[in-house]
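**Student:** My structure is in input-v2.txt, and what it holds is compact mmCIF, N, CA and C atoms:
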```txt
# COMPACT_ATOMS: atom_id res chain seq x y z
N MET W 206 3.19 41.87 43.78
CA MET W 206 3.06 42.96 42.83
C MET W 206 4.47 43.30 42.34
N ASN W 207 4.61 43.45 41.04
CA ASN W 207 5.94 43.77 40.53
C ASN W 207 6.31 45.22 40.84
N THR W 208 7.59 45.50 40.84
CA THR W 208 8.11 46.80 41.27
C THR W 208 7.60 47.95 40.42
N SER W 209 7.57 47.76 39.12
CA SER W 209 7.12 48.82 38.22
C SER W 209 5.64 49.15 38.44
N LEU W 210 4.83 48.12 38.55
CA LEU W 210 3.41 48.33 38.80
C LEU W 210 3.19 48.98 40.16
N LYS W 211 3.91 48.54 41.15
CA LYS W 211 3.80 49.12 42.50
C LYS W 211 4.13 50.61 42.47
N ARG W 212 5.20 50.97 41.77
CA ARG W 212 5.59 52.38 41.66
C ARG W 212 4.51 53.20 40.97
N GLN W 213 3.95 52.66 39.89
CA GLN W 213 2.88 53.35 39.14
C GLN W 213 1.64 53.53 40.01
N LEU W 214 1.25 52.49 40.72
CA LEU W 214 0.06 52.57 41.57
C LEU W 214 0.27 53.50 42.77
N THR W 215 1.49 53.52 43.27
CA THR W 215 1.82 54.44 44.37
C THR W 215 1.68 55.88 43.89
N LYS W 216 2.17 56.16 42.69
CA LYS W 216 2.03 57.51 42.13
C LYS W 216 0.56 57.88 41.91
N THR W 217 -0.22 56.93 41.44
CA THR W 217 -1.65 57.18 41.23
C THR W 217 -2.34 57.48 42.55
N PHE W 218 -2.02 56.70 43.57
CA PHE W 218 -2.60 56.91 44.89
C PHE W 218 -2.19 58.27 45.45
N ALA W 219 -0.91 58.60 45.32
CA ALA W 219 -0.40 59.90 45.79
C ALA W 219 -1.10 61.05 45.07
N GLN W 220 -1.31 60.91 43.76
CA GLN W 220 -1.98 61.96 42.99
C GLN W 220 -3.42 62.12 43.45
N MET W 221 -4.08 61.00 43.73
CA MET W 221 -5.46 61.07 44.22
C MET W 221 -5.50 61.83 45.54
N LEU W 222 -4.55 61.55 46.44
CA LEU W 222 -4.49 62.26 47.72
C LEU W 222 -4.26 63.75 47.49
N ALA W 223 -3.35 64.07 46.60
CA ALA W 223 -3.04 65.48 46.31
C ALA W 223 -4.24 66.20 45.70
N ASP W 224 -5.08 65.47 44.99
CA ASP W 224 -6.25 66.07 44.34
C ASP W 224 -7.43 66.31 45.29
N LEU W 225 -7.37 65.74 46.47
CA LEU W 225 -8.44 66.02 47.43
C LEU W 225 -8.41 67.52 47.72
N LYS W 226 -9.57 68.13 47.68
CA LYS W 226 -9.66 69.59 47.66
C LYS W 226 -9.34 70.26 49.00
N ASP W 227 -9.69 69.61 50.09
CA ASP W 227 -9.47 70.26 51.39
C ASP W 227 -9.46 69.22 52.51
N GLU W 228 -9.32 69.72 53.72
CA GLU W 228 -9.25 68.86 54.90
C GLU W 228 -10.50 67.99 55.05
N ASP W 229 -11.67 68.55 54.77
CA ASP W 229 -12.91 67.78 54.90
C ASP W 229 -12.95 66.61 53.92
N GLU W 230 -12.55 66.84 52.69
CA GLU W 230 -12.52 65.75 51.71
C GLU W 230 -11.51 64.69 52.12
N ALA W 231 -10.36 65.14 52.59
CA ALA W 231 -9.32 64.19 53.02
C ALA W 231 -9.82 63.35 54.20
N GLU W 232 -10.46 64.01 55.16
CA GLU W 232 -10.98 63.28 56.33
C GLU W 232 -12.05 62.27 55.91
N THR W 233 -12.95 62.67 55.03
CA THR W 233 -13.98 61.76 54.54
C THR W 233 -13.36 60.55 53.88
N PHE W 234 -12.36 60.79 53.03
CA PHE W 234 -11.67 59.67 52.38
C PHE W 234 -11.04 58.74 53.40
N LEU W 235 -10.29 59.31 54.34
CA LEU W 235 -9.59 58.49 55.33
C LEU W 235 -10.55 57.63 56.14
N ILE W 236 -11.63 58.22 56.59
CA ILE W 236 -12.62 57.50 57.41
C ILE W 236 -13.30 56.40 56.60
N ASP W 237 -13.60 56.68 55.34
CA ASP W 237 -14.27 55.69 54.50
C ASP W 237 -13.33 54.61 53.99
N PHE W 238 -12.09 54.96 53.74
CA PHE W 238 -11.14 54.02 53.12
C PHE W 238 -10.53 53.06 54.12
N PHE W 239 -10.08 53.57 55.27
CA PHE W 239 -9.45 52.73 56.27
C PHE W 239 -10.47 52.24 57.28
N ASP W 240 -10.28 51.01 57.77
CA ASP W 240 -11.14 50.61 58.87
C ASP W 240 -10.63 51.31 60.13
N GLY W 241 -11.41 51.24 61.20
CA GLY W 241 -11.09 52.00 62.41
C GLY W 241 -9.69 51.72 62.95
N LYS W 242 -9.29 50.45 62.96
CA LYS W 242 -7.98 50.09 63.50
C LYS W 242 -6.85 50.58 62.59
N GLU W 243 -7.03 50.48 61.28
CA GLU W 243 -6.01 50.97 60.35
C GLU W 243 -5.81 52.48 60.51
N LEU W 244 -6.91 53.20 60.54
CA LEU W 244 -6.83 54.66 60.66
C LEU W 244 -6.17 55.05 61.98
N GLU W 245 -6.56 54.39 63.06
CA GLU W 245 -5.97 54.69 64.36
C GLU W 245 -4.46 54.42 64.35
N LYS W 246 -4.05 53.35 63.69
CA LYS W 246 -2.62 53.02 63.61
C LYS W 246 -1.83 54.15 62.94
N PHE W 247 -2.35 54.66 61.83
CA PHE W 247 -1.63 55.71 61.11
C PHE W 247 -1.69 57.04 61.86
N ILE W 248 -2.83 57.34 62.45
CA ILE W 248 -2.94 58.58 63.24
C ILE W 248 -1.99 58.52 64.43
N LYS W 249 -1.95 57.38 65.08
CA LYS W 249 -1.07 57.20 66.24
C LYS W 249 0.40 57.34 65.82
N ARG W 250 0.76 56.75 64.68
CA ARG W 250 2.15 56.81 64.22
C ARG W 250 2.58 58.26 63.97
N ILE W 251 1.76 59.02 63.25
CA ILE W 251 2.16 60.41 62.97
C ILE W 251 2.13 61.24 64.24
N SER W 252 1.24 60.93 65.16
CA SER W 252 1.19 61.66 66.43
C SER W 252 2.43 61.40 67.26
N ILE W 253 2.87 60.15 67.31
CA ILE W 253 4.10 59.83 68.04
C ILE W 253 5.27 60.58 67.42
N ILE W 254 5.37 60.55 66.11
CA ILE W 254 6.46 61.24 65.42
C ILE W 254 6.42 62.73 65.73
N TYR W 255 5.25 63.32 65.65
CA TYR W 255 5.08 64.76 65.91
C TYR W 255 5.49 65.10 67.34
N TRP W 256 5.02 64.31 68.30
CA TRP W 256 5.35 64.59 69.71
C TRP W 256 6.84 64.39 69.98
N LEU W 257 7.46 63.39 69.34
CA LEU W 257 8.90 63.22 69.50
C LEU W 257 9.63 64.46 68.98
N LYS W 258 9.20 64.93 67.83
CA LYS W 258 9.82 66.13 67.23
C LYS W 258 9.65 67.34 68.14
N LYS W 259 8.52 67.42 68.82
CA LYS W 259 8.24 68.53 69.73
C LYS W 259 8.96 68.38 71.07
N GLY W 260 9.64 67.25 71.28
CA GLY W 260 10.44 67.08 72.49
C GLY W 260 9.73 66.40 73.65
N ARG W 261 8.57 65.84 73.41
CA ARG W 261 7.90 65.11 74.50
C ARG W 261 8.70 63.85 74.82
N ASP W 262 8.72 63.51 76.11
CA ASP W 262 9.48 62.31 76.48
C ASP W 262 8.65 61.05 76.22
N ARG W 263 9.36 59.94 76.18
CA ARG W 263 8.75 58.66 75.84
C ARG W 263 7.63 58.28 76.81
N GLU W 264 7.82 58.55 78.08
CA GLU W 264 6.82 58.20 79.08
C GLU W 264 5.51 58.96 78.83
N ASN W 265 5.64 60.24 78.49
CA ASN W 265 4.46 61.05 78.19
C ASN W 265 3.73 60.48 76.97
N ILE W 266 4.47 60.10 75.96
CA ILE W 266 3.88 59.55 74.74
C ILE W 266 3.22 58.20 75.03
N GLU W 267 3.89 57.36 75.81
CA GLU W 267 3.31 56.07 76.18
C GLU W 267 1.99 56.25 76.91
N THR W 268 1.98 57.20 77.85
CA THR W 268 0.79 57.43 78.67
C THR W 268 -0.35 58.02 77.86
N ASN W 269 -0.09 59.08 77.12
CA ASN W 269 -1.15 59.81 76.43
C ASN W 269 -1.63 59.14 75.15
N LEU W 270 -0.74 58.52 74.42
CA LEU W 270 -1.14 57.88 73.16
C LEU W 270 -1.28 56.37 73.28
N LEU W 271 -1.03 55.86 74.48
CA LEU W 271 -1.04 54.42 74.72
C LEU W 271 -0.12 53.71 73.73
N ALA W 272 1.04 54.32 73.54
CA ALA W 272 2.03 53.79 72.61
C ALA W 272 2.96 52.82 73.32
N THR W 273 3.36 51.81 72.60
CA THR W 273 4.32 50.85 73.14
C THR W 273 5.73 51.38 72.90
N PRO W 274 6.70 50.89 73.68
CA PRO W 274 8.09 51.27 73.41
C PRO W 274 8.51 50.95 71.97
N LYS W 275 8.02 49.84 71.44
CA LYS W 275 8.35 49.47 70.06
C LYS W 275 7.81 50.51 69.07
N GLU W 276 6.56 50.95 69.27
CA GLU W 276 5.97 51.96 68.37
C GLU W 276 6.78 53.26 68.44
N ILE W 277 7.21 53.62 69.61
CA ILE W 277 7.99 54.86 69.77
C ILE W 277 9.35 54.72 69.09
N SER W 278 9.99 53.58 69.25
CA SER W 278 11.29 53.35 68.59
C SER W 278 11.15 53.37 67.08
N GLU W 279 10.09 52.76 66.56
CA GLU W 279 9.86 52.77 65.11
C GLU W 279 9.61 54.19 64.62
N ALA W 280 8.85 54.95 65.39
CA ALA W 280 8.58 56.34 65.02
C ALA W 280 9.86 57.17 65.04
N GLN W 281 10.72 56.91 66.00
CA GLN W 281 12.01 57.61 66.10
C GLN W 281 12.82 57.41 64.83
N GLU W 282 12.79 56.19 64.29
CA GLU W 282 13.50 55.91 63.04
C GLU W 282 12.87 56.64 61.86
N LEU W 283 11.56 56.76 61.87
CA LEU W 283 10.87 57.45 60.78
C LEU W 283 11.20 58.94 60.74
N LEU W 284 11.59 59.50 61.87
CA LEU W 284 11.96 60.92 61.92
C LEU W 284 13.12 61.26 60.98
N LYS W 285 13.88 60.24 60.58
CA LYS W 285 15.05 60.45 59.72
C LYS W 285 14.68 60.48 58.23
N LYS W 286 13.47 60.09 57.91
CA LYS W 286 13.08 59.96 56.49
C LYS W 286 12.57 61.28 55.93
N ASP W 287 12.98 61.56 54.69
CA ASP W 287 12.63 62.84 54.06
C ASP W 287 11.13 63.09 53.96
N GLY W 288 10.36 62.07 53.61
CA GLY W 288 8.92 62.24 53.49
C GLY W 288 8.27 62.59 54.82
N VAL W 289 8.77 62.00 55.87
CA VAL W 289 8.24 62.28 57.21
C VAL W 289 8.65 63.69 57.63
N LYS W 290 9.87 64.07 57.34
CA LYS W 290 10.33 65.44 57.63
C LYS W 290 9.45 66.46 56.92
N LEU W 291 9.11 66.17 55.68
CA LEU W 291 8.25 67.06 54.90
C LEU W 291 6.86 67.18 55.53
N ALA W 292 6.30 66.04 55.93
CA ALA W 292 4.98 66.05 56.57
C ALA W 292 5.02 66.85 57.87
N LEU W 293 6.08 66.69 58.65
CA LEU W 293 6.22 67.45 59.89
C LEU W 293 6.30 68.95 59.64
N LYS W 294 7.00 69.34 58.58
CA LYS W 294 7.06 70.77 58.23
C LYS W 294 5.68 71.30 57.93
N LYS W 295 4.88 70.52 57.22
CA LYS W 295 3.50 70.94 56.90
C LYS W 295 2.69 71.08 58.19
N MET W 296 2.83 70.13 59.09
CA MET W 296 2.10 70.18 60.36
C MET W 296 2.53 71.38 61.19
N GLU W 297 3.83 71.64 61.23
CA GLU W 297 4.34 72.78 62.01
C GLU W 297 3.90 74.10 61.41
N ALA W 298 3.84 74.17 60.09
CA ALA W 298 3.37 75.39 59.43
C ALA W 298 1.90 75.65 59.79
N GLU W 299 1.12 74.59 59.84
CA GLU W 299 -0.29 74.71 60.21
C GLU W 299 -0.42 75.18 61.66
N ASP W 300 0.41 74.64 62.55
CA ASP W 300 0.42 75.09 63.96
C ASP W 300 0.73 76.57 64.04
N TRP W 301 1.75 76.99 63.31
CA TRP W 301 2.17 78.39 63.32
C TRP W 301 1.04 79.28 62.81
N ALA W 302 0.40 78.86 61.74
CA ALA W 302 -0.70 79.65 61.17
C ALA W 302 -1.86 79.75 62.17
N ASN W 303 -2.15 78.68 62.86
CA ASN W 303 -3.24 78.69 63.84
C ASN W 303 -2.93 79.63 65.01
N VAL W 304 -1.68 79.64 65.46
CA VAL W 304 -1.28 80.54 66.55
C VAL W 304 -1.48 81.99 66.13
N TRP W 305 -1.02 82.33 64.94
CA TRP W 305 -1.14 83.71 64.48
C TRP W 305 -2.59 84.10 64.17
N THR W 306 -3.37 83.15 63.72
CA THR W 306 -4.79 83.43 63.50
C THR W 306 -5.46 83.83 64.80
N GLU W 307 -5.17 83.11 65.85
CA GLU W 307 -5.75 83.42 67.17
C GLU W 307 -5.25 84.77 67.68
N ARG W 308 -3.98 85.08 67.48
CA ARG W 308 -3.44 86.38 67.92
C ARG W 308 -4.10 87.53 67.17
N ILE W 309 -4.29 87.35 65.88
CA ILE W 309 -4.91 88.39 65.06
C ILE W 309 -6.37 88.59 65.48
N LYS W 310 -7.08 87.48 65.75
CA LYS W 310 -8.47 87.58 66.20
C LYS W 310 -8.56 88.40 67.49
N LYS W 311 -7.63 88.21 68.40
CA LYS W 311 -7.63 88.95 69.66
C LYS W 311 -7.37 90.45 69.43
N LEU W 312 -6.52 90.78 68.47
CA LEU W 312 -6.22 92.17 68.17
C LEU W 312 -7.41 92.86 67.53
N VAL W 313 -8.16 92.15 66.72
CA VAL W 313 -9.26 92.72 65.96
C VAL W 313 -10.48 92.96 66.86
N ARG W 314 -10.63 92.21 67.90
CA ARG W 314 -11.81 92.33 68.79
C ARG W 314 -11.90 93.65 69.45
```
Would you mind writing the file's structure down as structure tokens?
**Tutor:**
Amino acid sequence: MNTSLKRQLTKTFAQMLADLKDEDEAETFLIDFFDGKELEKFIKRISIIYWLKKGRDRENIETNLLATPKEISEAQELLKKDGVKLALKKMEAEDWANVWTERIKKLVR
């Protein structure tokens, strides 16, 4: 695929993802679009990255996610990329919102 076409198609794909209305639509797309192994690979990769950012040690990640040392090293390198940093910020914001939602629910009861 030539570079210009690849860039155009990447933008189209990114726009389609951005146009998904909510988490349910995104999940439906992911499950239908990727086969089981592909989806697991991407979920595992972002999970390794997230746990590394949260300070989990490599042994814990290997044990719980069944990650190889190579997968962890590759994820460690991805932590330096701007797009991955942005995704992690989104995930952390969601975590923060969930924590406060639970605290507010307890206060309201």
**Student:** Neighbouring residues of W:Glu267 were defined as those with any atom within 12 Å, considering only C-alpha atoms; residues of the same chain fewer than 5 positions away were excluded. Please report them as number ranges by chain.
**Tutor:** W: 249, 252-253, 256-257, 261-262, 272-278
**Student:** Record the distance separating atom C of W:Met221 and atom N of W:Thr233, expressed in Å with one decimal.
**Tutor:**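 Taking atom C of W:Met221 as the start and atom N of W:Thr233 as the end point, the length is 12.1 Å.
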**Student:** Restricting the calculation to only C-alpha atoms, which member of W:Asp237, W:Ile309, W:Tyr255, W:Glu230 is positioned closest to W:Lys295?
**Tutor:**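 The answer is W:Tyr255, which sits nearest to W:Lys295.
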**Student:** Could you work out how far atom N of W:Met206 lies from atom CA of W:Phe247, giving the answer in Å with one decimal?
**Tutor:**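 A separation of 22.7 Å between them.
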**Student:** Using the file's own x, y and z axes, what box holds all listed atoms of stretch 243-247 of chain W with 5 Å on each side, keeping edges along x, y and z, and what are its centre and edge lengths in Å to one decimal, as AutoDock Vina command-line options?
**Tutor:**
```
--center_x -4.3 --center_y 53.8 --center_z 62.4 --size_x 15.4 --size_y 16.6 --size_z 14.0
```
**Student:** State, in Å with one decimal place, the distance from atom CA of W:Lys286 to atom CA of W:Lys258.
**Tutor:**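 Interatomic distance here is 12.8 Å.
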**Student:** Please report, as a PyMOL selection string, each residue of chain W to which DSSP assigns alpha helix (DSSP H) when run on this structure's backbone.
**Tutor:** chain W and resi 208-224+228-238+241-258+263-270+274-283+287-313
